[in-house]
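Engineer: CSV, C-alpha atoms, file upload_21.csv:
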chain,number,residue,atom,x,y,z
A,1,MET,CA,-16.5,17.6,13.7
A,2,THR,CA,-17.8,16.5,10.3
A,3,VAL,CA,-15.4,14.1,8.5
A,4,ALA,CA,-15.6,12.9,4.9
A,5,VAL,CA,-14.0,9.6,3.7
A,6,ALA,CA,-13.2,9.6,0.0
A,7,GLY,CA,-13.4,6.3,-1.7
A,8,ALA,CA,-15.6,4.9,1.0
A,9,ALA,CA,-17.0,2.1,-1.1
A,10,SER,CA,-13.6,0.3,-1.2
A,11,PRO,CA,-12.6,-2.3,1.4
A,12,VAL,CA,-10.2,0.1,3.0
A,13,GLY,CA,-12.6,3.0,2.8
A,14,GLU,CA,-15.2,1.0,4.5
A,15,GLN,CA,-12.8,0.2,7.4
A,16,VAL,CA,-12.0,3.9,7.7
A,17,VAL,CA,-15.7,4.8,7.9
A,18,ARG,CA,-16.3,2.2,10.6
A,19,ALA,CA,-13.5,3.7,12.7
A,20,PHE,CA,-14.9,7.2,12.5
A,21,THR,CA,-18.4,6.0,13.3
A,22,ALA,CA,-17.4,3.7,16.1
A,23,PRO,CA,-18.9,4.7,19.5
A,24,PRO,CA,-16.5,6.4,21.9
A,25,PRO,CA,-15.3,4.6,25.0
A,26,ASP,CA,-17.6,4.7,28.0
A,27,GLY,CA,-17.8,8.1,29.6
A,28,GLN,CA,-16.2,10.0,26.7
A,29,ALA,CA,-18.0,12.5,24.6
A,30,PRO,CA,-18.0,11.8,20.8
A,31,THR,CA,-15.3,13.5,18.8
A,32,PHE,CA,-16.9,13.1,15.4
A,33,GLY,CA,-20.4,14.0,14.4
A,34,LYS,CA,-21.5,13.4,10.9
A,35,VAL,CA,-19.4,11.0,8.8
A,36,VAL,CA,-19.8,11.6,5.0
A,37,ALA,CA,-19.0,8.8,2.7
A,38,LEU,CA,-17.9,9.8,-0.8
A,39,ASP,CA,-17.7,7.6,-3.8
A,40,ALA,CA,-19.2,7.1,-7.3
A,41,GLU,CA,-21.3,4.1,-6.0
A,42,ARG,CA,-22.8,3.5,-2.6
A,43,GLY,CA,-21.0,1.0,-0.5
A,44,ALA,CA,-21.9,-1.0,2.6
A,45,ALA,CA,-20.6,1.4,5.2
A,46,ASP,CA,-23.2,3.1,7.4
A,47,ALA,CA,-22.7,6.8,6.9
A,48,HIS,CA,-24.2,9.8,5.1
A,49,TRP,CA,-23.5,9.0,1.5
A,50,ARG,CA,-22.9,11.6,-1.2
A,51,LEU,CA,-22.4,10.0,-4.5
A,52,VAL,CA,-19.8,11.7,-6.6
A,53,ASP,CA,-16.9,10.9,-8.9
A,54,LEU,CA,-13.7,11.8,-7.1
A,55,VAL,CA,-12.3,13.5,-10.3
A,56,SER,CA,-15.5,15.5,-10.8
A,57,PRO,CA,-15.7,19.3,-10.2
A,58,ALA,CA,-18.9,18.4,-8.3
A,59,LEU,CA,-16.7,17.2,-5.5
A,60,ALA,CA,-16.4,20.7,-4.1
A,61,LYS,CA,-20.2,20.8,-3.6
A,62,ALA,CA,-20.1,17.3,-1.9
A,63,LEU,CA,-17.5,18.7,0.6
A,64,ARG,CA,-19.6,21.6,1.9
A,65,GLY,CA,-19.9,21.6,5.6
A,66,VAL,CA,-17.0,19.1,6.0
A,67,ASP,CA,-14.1,19.9,8.5
A,68,ALA,CA,-11.7,17.1,7.5
A,69,VAL,CA,-11.3,14.7,4.5
A,70,VAL,CA,-9.5,11.4,4.5
A,71,HIS,CA,-8.4,9.8,1.2
A,72,VAL,CA,-6.5,6.5,0.8
A,73,ALA,CA,-4.3,7.0,-2.3
A,74,ALA,CA,-2.3,3.8,-1.8
A,75,SER,CA,-3.3,0.9,-4.1
A,76,THR,CA,-4.9,-2.0,-2.3
A,77,ASP,CA,-6.5,-3.7,-5.4
A,78,LEU,CA,-3.6,-4.9,-7.5
A,79,ALA,CA,-5.9,-7.1,-9.7
A,80,ALA,CA,-7.9,-4.0,-10.8
A,81,ASP,CA,-4.7,-1.9,-11.2
A,82,LEU,CA,-3.2,-4.4,-13.6
A,83,THR,CA,-6.2,-4.2,-16.0
A,84,VAL,CA,-5.3,-0.6,-17.0
A,85,SER,CA,-2.1,0.8,-18.5
A,86,PRO,CA,0.5,2.4,-16.1
A,87,ARG,CA,-0.1,5.8,-17.7
A,88,THR,CA,-3.9,5.6,-17.2
A,89,ARG,CA,-3.5,4.4,-13.6
A,90,ARG,CA,-1.2,7.2,-12.7
A,91,GLU,CA,-3.2,9.9,-14.4
A,92,ARG,CA,-6.3,8.8,-12.5
A,93,ALA,CA,-4.4,8.7,-9.1
A,94,VAL,CA,-2.9,12.2,-9.7
A,95,LEU,CA,-6.2,13.7,-11.0
A,96,GLN,CA,-8.0,12.3,-7.9
A,97,VAL,CA,-5.7,14.0,-5.4
A,98,GLN,CA,-5.6,17.2,-7.5
A,99,THR,CA,-9.3,17.4,-7.6
A,100,LEU,CA,-9.6,16.6,-3.9
A,101,VAL,CA,-7.1,19.4,-3.0
A,102,THR,CA,-8.9,22.0,-5.1
A,103,ALA,CA,-12.3,20.9,-3.9
A,104,ALA,CA,-11.3,20.9,-0.2
A,105,ALA,CA,-9.8,24.4,-0.5
A,106,ALA,CA,-12.9,25.7,-2.3
A,107,ALA,CA,-15.2,24.2,0.3
A,108,GLY,CA,-13.3,25.5,3.2
A,109,VAL,CA,-12.2,22.2,4.5
A,110,ALA,CA,-9.6,22.7,7.3
A,111,HIS,CA,-7.7,19.3,7.1
A,112,LEU,CA,-6.9,16.9,4.3
A,113,VAL,CA,-5.4,13.5,5.2
A,114,VAL,CA,-4.0,11.3,2.4
A,115,VAL,CA,-2.7,7.8,2.9
A,116,THR,CA,0.2,6.8,0.7
A,117,SER,CA,2.7,4.2,1.9
A,118,ALA,CA,6.0,3.9,3.7
A,119,MET,CA,7.2,2.4,0.4
A,120,SER,CA,7.8,6.0,-0.7
A,121,TYR,CA,10.9,6.0,1.4
A,122,GLY,CA,12.4,3.3,-0.8
A,123,ALA,CA,13.9,-0.1,0.3
A,124,SER,CA,17.7,-0.2,0.7
A,125,PRO,CA,20.3,-2.2,2.5
A,126,SER,CA,21.5,1.1,4.0
A,127,ASN,CA,18.2,2.1,5.5
A,128,PRO,CA,18.2,2.6,9.3
A,129,VAL,CA,15.6,0.5,11.2
A,130,PRO,CA,13.2,2.2,11.8
A,131,LEU,CA,13.1,5.1,9.3
A,132,GLU,CA,12.0,8.4,10.9
A,133,GLU,CA,9.1,10.3,9.5
A,134,ASP,CA,11.3,13.1,8.1
A,135,ALA,CA,13.6,10.6,6.2
A,136,PRO,CA,14.0,11.5,2.5
A,137,LEU,CA,11.8,9.8,-0.1
A,138,SER,CA,14.3,7.7,-1.9
A,139,ALA,CA,12.0,5.3,-3.9
A,140,GLN,CA,12.5,5.0,-7.6
A,141,PRO,CA,10.0,7.2,-9.6
A,142,ASP,CA,9.4,4.4,-12.1
A,143,GLU,CA,6.1,3.4,-13.8
A,144,GLY,CA,5.1,1.2,-10.9
A,145,LEU,CA,2.6,1.8,-8.1
A,146,VAL,CA,5.3,3.4,-5.9
A,147,GLY,CA,6.0,5.9,-8.7
A,148,ASP,CA,2.3,6.7,-8.5
A,149,LEU,CA,2.5,7.5,-4.8
A,150,LEU,CA,5.5,9.7,-5.4
A,151,ALA,CA,3.5,11.6,-8.0
A,152,VAL,CA,0.7,12.0,-5.5
A,153,GLU,CA,3.0,13.2,-2.7
A,154,HIS,CA,4.4,15.8,-5.1
A,155,VAL,CA,0.9,17.2,-5.6
A,156,LEU,CA,0.4,17.3,-1.8
A,157,GLU,CA,3.7,19.1,-1.2
A,158,THR,CA,2.7,21.7,-3.8
A,159,ALA,CA,-0.7,22.0,-2.1
A,160,ARG,CA,0.9,23.1,1.2
A,161,THR,CA,2.3,26.1,-0.6
A,162,VAL,CA,-0.7,26.9,-2.8
A,163,HIS,CA,-3.3,26.5,-0.1
A,164,PRO,CA,-1.8,27.6,3.2
A,165,GLY,CA,-5.2,27.5,4.9
A,166,LEU,CA,-5.5,23.8,4.3
A,167,THR,CA,-3.6,21.5,6.6
A,168,VAL,CA,-2.2,18.6,4.6
A,169,THR,CA,-1.2,15.4,6.3
A,170,VAL,CA,0.5,12.4,4.6
A,171,VAL,CA,0.1,9.1,6.4
A,172,ARG,CA,2.6,6.4,5.4
A,173,PRO,CA,1.7,2.9,6.6
A,174,ALA,CA,3.9,-0.2,6.6
A,175,ALA,CA,2.8,-3.2,4.4
A,176,LEU,CA,-1.0,-3.3,4.7
A,177,VAL,CA,-2.8,-6.5,5.5
A,178,GLY,CA,-6.4,-7.3,6.1
A,179,PRO,CA,-9.7,-8.1,4.4
A,180,GLY,CA,-9.7,-7.2,0.7
A,181,ILE,CA,-6.0,-6.1,0.6
A,182,ASP,CA,-4.3,-7.2,-2.6
A,183,THR,CA,-0.8,-5.7,-3.2
A,184,VAL,CA,2.6,-6.6,-4.6
A,185,LEU,CA,3.7,-7.4,-1.0
A,186,THR,CA,0.7,-9.7,-0.2
A,187,ARG,CA,1.4,-11.6,-3.4
A,188,HIS,CA,5.0,-12.1,-2.3
A,189,PHE,CA,3.6,-14.7,0.1
A,190,GLU,CA,1.6,-16.4,-2.6
A,191,ALA,CA,4.8,-17.6,-4.2
A,192,PRO,CA,5.9,-21.3,-3.8
A,193,ARG,CA,8.9,-20.1,-1.7
A,194,LEU,CA,10.1,-16.8,-0.3
A,195,LEU,CA,12.7,-15.1,-2.5
A,196,THR,CA,15.8,-13.8,-0.7
A,197,VAL,CA,19.1,-12.4,-1.8
A,198,LYS,CA,22.5,-13.1,-0.3
A,199,SER,CA,23.1,-9.5,0.7
A,200,GLY,CA,19.5,-8.9,1.8
A,201,ARG,CA,18.7,-7.8,5.4
A,202,PRO,CA,14.9,-7.6,5.3
A,203,ALA,CA,13.1,-6.2,8.3
A,204,TRP,CA,9.4,-7.1,7.8
A,205,GLN,CA,6.8,-4.8,9.2
A,206,PHE,CA,3.1,-4.8,8.7
A,207,CYS,CA,0.1,-2.6,9.5
A,208,HIS,CA,-3.4,-4.1,9.8
A,209,VAL,CA,-6.0,-2.0,7.9
A,210,GLU,CA,-8.1,-1.8,11.1
A,211,ASP,CA,-5.2,-0.3,13.0
A,212,LEU,CA,-4.6,2.1,10.1
A,213,ALA,CA,-8.2,3.2,10.3
A,214,ARG,CA,-8.0,3.9,14.0
A,215,ALA,CA,-4.8,5.8,13.5
A,216,LEU,CA,-6.5,8.0,11.0
A,217,THR,CA,-9.1,9.0,13.7
A,218,VAL,CA,-6.2,10.1,15.9
A,219,VAL,CA,-4.6,12.0,13.1
A,220,VAL,CA,-7.9,13.9,12.4
A,221,GLU,CA,-8.8,14.4,16.1
A,222,GLN,CA,-5.4,15.8,17.1
A,223,ARG,CA,-4.7,17.3,13.7
A,224,LEU,CA,-1.3,15.7,13.4
A,225,ALA,CA,0.9,16.9,10.5
A,226,PRO,CA,2.7,17.0,8.2
A,227,VAL,CA,3.8,13.4,8.0
A,228,VAL,CA,2.7,10.4,10.1
A,229,THR,CA,4.0,6.9,9.8
A,230,VAL,CA,2.2,3.9,11.1
A,231,GLY,CA,3.1,0.2,11.6
A,232,CYS,CA,3.4,-2.6,14.2
A,233,ALA,CA,6.0,-2.2,16.8
A,234,GLY,CA,9.4,-3.7,15.8
A,235,THR,CA,10.1,-5.9,12.9
A,236,LEU,CA,10.4,-9.6,11.9
A,237,THR,CA,13.6,-11.1,10.6
A,238,GLN,CA,13.6,-13.4,7.5
A,239,GLU,CA,13.9,-16.4,9.8
A,240,GLU,CA,10.9,-15.3,11.9
A,241,VAL,CA,8.8,-14.7,8.8
A,242,GLU,CA,9.6,-18.2,7.6
A,243,GLN,CA,8.7,-19.6,11.0
A,244,VAL,CA,5.3,-17.8,11.2
A,245,SER,CA,4.4,-18.4,7.6
A,246,GLY,CA,5.6,-22.0,7.4
A,247,MET,CA,7.3,-21.1,4.1
A,248,ARG,CA,10.9,-21.9,3.0
A,249,ARG,CA,13.2,-19.5,1.3
A,250,VAL,CA,15.3,-19.7,-1.9
A,251,GLU,CA,18.4,-17.5,-2.1
A,252,LEU,CA,19.9,-15.8,-5.1
A,253,SER,CA,22.4,-13.1,-5.7
A,254,ASP,CA,21.1,-9.5,-6.1
A,255,ALA,CA,22.2,-9.5,-9.8
A,256,VAL,CA,20.3,-12.7,-10.7
A,257,ALA,CA,17.1,-11.8,-8.9
A,258,LEU,CA,16.8,-8.2,-9.8
A,259,GLY,CA,18.4,-8.5,-13.3
A,260,THR,CA,16.1,-11.4,-14.3
A,261,ALA,CA,13.0,-9.6,-12.9
A,262,GLU,CA,14.0,-6.5,-14.9
A,263,ARG,CA,14.3,-8.4,-18.1
A,264,LEU,CA,11.0,-10.2,-17.6
A,265,HIS,CA,9.2,-7.0,-16.9
A,266,ARG,CA,10.6,-5.4,-20.0
A,267,VAL,CA,9.1,-8.1,-22.2
A,268,GLY,CA,5.8,-8.1,-20.4
A,269,VAL,CA,6.0,-11.3,-18.5
A,270,LEU,CA,6.0,-9.7,-15.0
A,271,PRO,CA,3.4,-7.1,-14.3
A,272,THR,CA,5.3,-4.9,-11.9
A,273,PRO,CA,8.8,-3.2,-12.1
A,274,ALA,CA,11.8,-5.1,-10.9
A,275,SER,CA,12.3,-2.3,-8.3
A,276,ASP,CA,9.3,-3.7,-6.4
A,277,LEU,CA,11.4,-6.8,-5.4
A,278,ALA,CA,13.5,-4.5,-3.3
A,279,TYR,CA,10.7,-4.2,-0.7
A,280,ALA,CA,10.8,-7.9,-0.1
A,281,ILE,CA,14.6,-8.1,0.4
A,282,TYR,CA,15.7,-4.8,2.0
A,283,PRO,CA,14.4,-2.9,5.0
A,284,TRP,CA,11.9,0.0,4.9
A,285,ALA,CA,10.4,-0.2,8.4
A,286,VAL,CA,9.1,2.9,10.0
A,287,SER,CA,8.6,4.4,13.4
A,288,SER,CA,5.1,5.1,14.8
A,289,ALA,CA,6.5,7.6,17.4
A,290,THR,CA,4.1,10.5,16.6
A,291,LEU,CA,1.0,8.2,16.8
A,292,THR,CA,2.3,6.5,19.9
A,293,ALA,CA,2.8,9.8,21.7
A,294,ALA,CA,-0.7,10.7,20.7
A,295,GLY,CA,-2.1,7.6,22.4
A,296,TRP,CA,-2.5,5.2,19.5
A,297,GLU,CA,-1.4,1.6,19.8
A,298,PRO,CA,-1.8,-1.3,17.3
A,299,THR,CA,-4.1,-4.1,18.3
A,300,ARG,CA,-2.0,-6.7,16.4
A,301,ASP,CA,1.7,-7.3,16.2
A,302,ASN,CA,3.7,-8.2,13.1
A,303,ALA,CA,3.4,-12.0,13.7
A,304,ALA,CA,-0.4,-11.8,14.0
A,305,CYS,CA,-0.6,-9.7,10.9
A,306,LEU,CA,1.5,-12.1,8.9
A,307,ALA,CA,-0.5,-15.1,10.2
A,308,GLU,CA,-3.7,-13.4,9.0
A,309,LEU,CA,-2.1,-12.6,5.7
A,310,VAL,CA,-1.0,-16.2,5.1
A,311,HIS,CA,-4.5,-17.5,6.0
A,312,SER,CA,-6.2,-15.0,3.7
A,313,ILE,CA,-4.2,-15.9,0.6
A,314,ARG,CA,-4.7,-19.7,0.7
A,315,GLY,CA,-5.7,-20.9,-2.7
A,316,HIS,CA,-3.8,-18.2,-4.5
A,317,HIS,CA,-0.5,-18.7,-6.3
A,318,ALA,CA,1.7,-16.0,-7.7
A,319,VAL,CA,5.2,-15.5,-9.0
A,320,ALA,CA,6.5,-11.9,-8.7
A,321,ALA,CA,3.0,-10.5,-8.4
A,322,ARG,CA,1.6,-12.4,-11.4
A,323,ARG,CA,-1.1,-14.9,-10.3
A,324,ILE,CA,-0.9,-18.3,-11.9
A,325,ASP,CA,-3.0,-21.5,-11.9
A,326,ARG,CA,-2.3,-24.1,-9.2
A,327,LYS,CA,-1.1,-26.6,-11.7
A,328,ASP,CA,1.3,-24.1,-13.2
A,329,ALA,CA,2.6,-23.3,-9.7
A,330,ALA,CA,3.3,-26.9,-9.0
A,331,LEU,CA,4.8,-27.8,-12.4
A,332,GLY,CA,6.5,-24.6,-13.4
A,333,ALA,CA,8.1,-23.4,-10.2
A,334,ALA,CA,9.6,-24.9,-7.2
A,335,SER,CA,10.2,-21.4,-5.9
A,336,ALA,CA,9.7,-17.8,-6.9
A,337,ALA,CA,13.3,-17.5,-7.9
A,338,VAL,CA,13.3,-20.7,-10.0
A,339,ALA,CA,10.2,-19.4,-11.7
A,340,LEU,CA,11.9,-16.1,-12.5
A,341,VAL,CA,15.0,-17.7,-14.0
A,342,GLY,CA,12.9,-20.6,-15.6
A,343,THR,CA,10.6,-18.1,-17.3
A,344,ALA,CA,13.6,-16.2,-18.7
A,345,ALA,CA,14.9,-19.5,-20.2
A,346,ILE,CA,11.5,-20.3,-21.7
A,347,MET,CA,11.4,-16.8,-23.3
A,348,ARG,CA,14.8,-17.4,-24.8
A,349,ARG,CA,13.8,-20.7,-26.3
A,350,ARG,CA,10.7,-19.2,-27.8
A,351,ARG,CA,12.6,-16.4,-29.4
A,352,ARG,CA,15.1,-18.9,-30.9
A,353,LYS,CA,12.2,-21.1,-32.2
A,354,GLY,CA,9.8,-18.4,-33.3
A,355,GLY,CA,12.1,-15.6,-34.4
A,356,GLY,CA,11.3,-13.3,-31.5
A,357,ALA,CA,7.8,-14.6,-30.5
What is this file in structure tokens?
Structural biologist:
Amino acid sequence: MTVAVAGAASPVGEQVVRAFTAPPPDGQAPTFGKVVALDAERGAADAHWRLVDLVSPALAKALRGVDAVVHVAASTDLAADLTVSPRTRRERAVLQVQTLVTAAAAAGVAHLVVVTSAMSYGASPSNPVPLEEDAPLSAQPDEGLVGDLLAVEHVLETARTVHPGLTVTVVRPAALVGPGIDTVLTRHFEAPRLLTVKSGRPAWQFCHVEDLARALTVVVEQRLAPVVTVGCAGTLTQEEVEQVSGMRRVELSDAVALGTAERLHRVGVLPTPASDLAYAIYPWAVSSATLTAAGWEPTRDNAACLAELVHSIRGHHAVAARRIDRKDAALGAASAAVALVGTAAIMRRRRRKGGGA
């Protein structure tokens, strides 16, 4: 089987290529033959590189002879995402998957696997734990990164009808951790303290990028479809998260936390929508039943993933996804919540003094 990995030069793409090129266990015949790495620039992964822009019509030619394509649509580089406008970012994400679908169908590819996120299910105090794979997508279609994923999933749903000969699988992992992963959720742990709300019932679940990569090999090998969710077994309570991370919490009401974040995002102080806070305070954990039945098991549990995450972000300081200098973190915020409310007060004072500045 020839497998192509789109976006192979990214940290996540590199991990996916490594999983597909890993030698099989002793005594087993190799499942995958040639592994084709697709990207605009050559990366470090050891594979057959075909340099192509993922939004170029030339992608169809690059997919010739390929049996399955894997594409990670989920954002894992928040710093880069914040350098472009939400409209530009979404247009790029949608155009990439549209081009990939069209090119795969034109090249005769049999299986397209696209990684989005379990965040598409939305975070809600009424969510069951865990969510099943066929649960409705209840996330808010706002201008944030989750809205981008919903737009991508809409394209894939249409593709199933337009291209019936192409098997389309959506893989929705829990909160990703690992080398090079920078997301709204990893930055939640860069705050001085962990923000919680009084009515919150978080059920923390993680997925290491190496385990995701191995899961993708199972999805391709066994042609699992149409939706596969992946994450560590079980969940962590807020108390367990605090114990593992060594961090303390600060608790606010829903109205204060979400309302303040919404106002600060509206005036441009916070880079992500207030709806993103819901993923840190309400459950959205998923089942890995399909993968487990297919023989996949995670190599790390939730506590190990969280410990690795906390170690990887040392030296970084953020408040509601916006990174700040160390001195600002010490002087301006005793906690994420205090920073939110304090920043709102600063903005009000500036408006009074400067006439709206």
Engineer: Using only C-alpha atoms, which residues sit within 12 Å of Ser253 of chain A once same-chain residues fewer than 6 positions away are excluded, as number ranges by chain?
Structural biologist: A: 195-200, 259-260, 281, 337
Engineer: Find the residue from A:Val16, A:Cys207, A:Val228, A:Arg92 that sits nearest to Glu132 of chain A; use only C-alpha atoms when measuring.
Structural biologist: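 Using only C-alpha atoms, the shortest distance to Glu132 of chain A belongs to A:Val228.
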Engineer: Could you work out how far atom CA of Leu112 of chain A lies from atom CA of Thr169 of chain A, giving the answer in Å with one decimal?
Structural biologist: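 Value for the atom CA of Thr169 of chain A-atom CA of Leu112 of chain A distance: 6.2 Å.
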Engineer: Give me, as a list in words, all polymer residues having an atom no more than 9 Å from Val55 of chain A, counting all atoms listed in the file and skipping those fewer than 6 positions away in the same chain.
Structural biologist: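 Once the nearby chain positions are removed, what remains is Arg92, Leu95, Gln96, Val97, Gln98, Thr99 and Leu100 of chain A.
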Engineer: As an exercise, work out the distance from atom CA of Ala174 of chain A to atom CA of Asp301 of chain A in Å and give it to one decimal place.
Structural biologist: 12.1 Å
Engineer: Restricting the calculation to only C-alpha atoms, which member of A:Val310, A:Ala4, A:Leu264, A:Val146 is positioned closest to Ala62 of chain A?
Structural biologist: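 Looking at the shortest contact to Ala62 of chain A, the residue is A:Ala4.
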Engineer: Out of A:Val168, A:Ala118, A:Met247, A:Leu156, which residue has the shortest atom-to-atom distance to Ala68 of chain A when counting all atoms listed in the file?
Structural biologist: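 Smallest distance to Ala68 of chain A is found for A:Val168.
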Engineer: May I ask which of the residues A:Ser56, A:Gln140, A:Thr116, A:Ser245 is the closest one to Ala74 of chain A, counting only C-alpha atoms?
Structural biologist: A:Thr116
Engineer: Find the residues near Val230 of chain A: any atom within 8 Å, counting only C-alpha atoms, skip ones fewer than 2 places away on the same chain, and give them as a list in words.
Structural biologist: Val171, Arg172, Pro173, Ala174, Cys207, Leu212, Ala215, Val228, Cys232, Val286, Ser287, Ser288 and Leu291 of chain A
Engineer: Residues within 6 Å of Thr237 of chain A, please, as a ChimeraX atom specification. Count all atoms listed in the file; anything in the same chain fewer than 2 positions from it doesn't count.
Structural biologist: /A:203,239-240
Engineer: Under the rule that only C-alpha atoms are counted, which of A:Pro136, A:Ala303, A:Gln205, A:Ala73 is the nearest residue to Val155 of chain A?
Structural biologist: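 Selected residue with least distance to Val155 of chain A: A:Ala73.
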Engineer: Is there a way to get, as a ChimeraX atom specification, all residues within 12 Å of the point (12.0, 1.9, -7.2) in file coordinates, counting all atoms listed in the file?
Structural biologist: /A:119-124,137-150,258,262,272-279,282
Engineer: Those selected residues, please, written with C-alpha atoms and delivered as a compact mmCIF listing (two decimals), in the coordinates of the input.
Structural biologist:
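Saved file selection30.txt follows:
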# COMPACT_ATOMS: atom_id res chain seq x y z
CA MET A 119 7.20 2.40 0.40
CA SER A 120 7.80 6.00 -0.70
CA TYR A 121 10.90 6.00 1.40
CA GLY A 122 12.40 3.30 -0.80
CA ALA A 123 13.90 -0.10 0.30
CA SER A 124 17.70 -0.20 0.70
CA LEU A 137 11.80 9.80 -0.10
CA SER A 138 14.30 7.70 -1.90
CA ALA A 139 12.00 5.30 -3.90
CA GLN A 140 12.50 5.00 -7.60
CA PRO A 141 10.00 7.20 -9.60
CA ASP A 142 9.40 4.40 -12.10
CA GLU A 143 6.10 3.40 -13.80
CA GLY A 144 5.10 1.20 -10.90
CA LEU A 145 2.60 1.80 -8.10
CA VAL A 146 5.30 3.40 -5.90
CA GLY A 147 6.00 5.90 -8.70
CA ASP A 148 2.30 6.70 -8.50
CA LEU A 149 2.50 7.50 -4.80
CA LEU A 150 5.50 9.70 -5.40
CA LEU A 258 16.80 -8.20 -9.80
CA GLU A 262 14.00 -6.50 -14.90
CA THR A 272 5.30 -4.90 -11.90
CA PRO A 273 8.80 -3.20 -12.10
CA ALA A 274 11.80 -5.10 -10.90
CA SER A 275 12.30 -2.30 -8.30
CA ASP A 276 9.30 -3.70 -6.40
CA LEU A 277 11.40 -6.80 -5.40
CA ALA A 278 13.50 -4.50 -3.30
CA TYR A 279 10.70 -4.20 -0.70
CA TYR A 282 15.70 -4.80 2.00
Engineer: When you count only C-alpha atoms, which of these residues is closest to Glu308 of chain A: A:His208, A:His48, A:Arg90, A:His163?
Structural biologist: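 Closest residue, counting only C-alpha atoms: A:His208.
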Engineer: So how many Å separate atom CA of Leu38 of chain A and atom CA of Val94 of chain A, to one decimal?
Structural biologist: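 Straight-line distance from atom CA of Leu38 of chain A to atom CA of Val94 of chain A works out to 17.6 Å.
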Engineer: Would you be able to write out as a list in words which residues have an atom within 9 Å of (-7.2, 20.0, 7.0) in the file's coordinates, counting all atoms listed in the file?
Structural biologist: Asp67, Ala68, Val69, Ala104, Val109, Ala110, His111, Leu112, Val113, Gly165, Leu166, Thr167, Val168, Thr169, Val220 and Arg223 of chain A
Engineer: Name all residues at most 6 Å from Thr2 of chain A (count all atoms listed in the file; drop same-chain ones fewer than 2 positions away) and give them as a list of chain:residue names.
Structural biologist: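 Here the qualifying residues turn out to be A:Gly33, A:Lys34, A:Val35, A:Val66, A:Asp67.
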Engineer: Wanna dump the segment 13-96 of chain A-segment 182-186 of chain A contacts at 12 Å for me, each residue with its shortest atom pair and the distance in Å to one decimal, counting only C-alpha atoms, ordered by chain and number, as CSV?
Structural biologist:
residue,atom,partner,partner_atom,distance
A:Ala74,CA,A:Thr183,CA,9.7
A:Ser75,CA,A:Thr183,CA,7.1
A:Thr76,CA,A:Asp182,CA,5.2
A:Asp77,CA,A:Asp182,CA,5.0
A:Leu78,CA,A:Thr183,CA,5.2
A:Ala79,CA,A:Asp182,CA,7.3
A:Ala80,CA,A:Asp182,CA,9.5
A:Asp81,CA,A:Thr183,CA,9.7
A:Leu82,CA,A:Thr183,CA,10.8
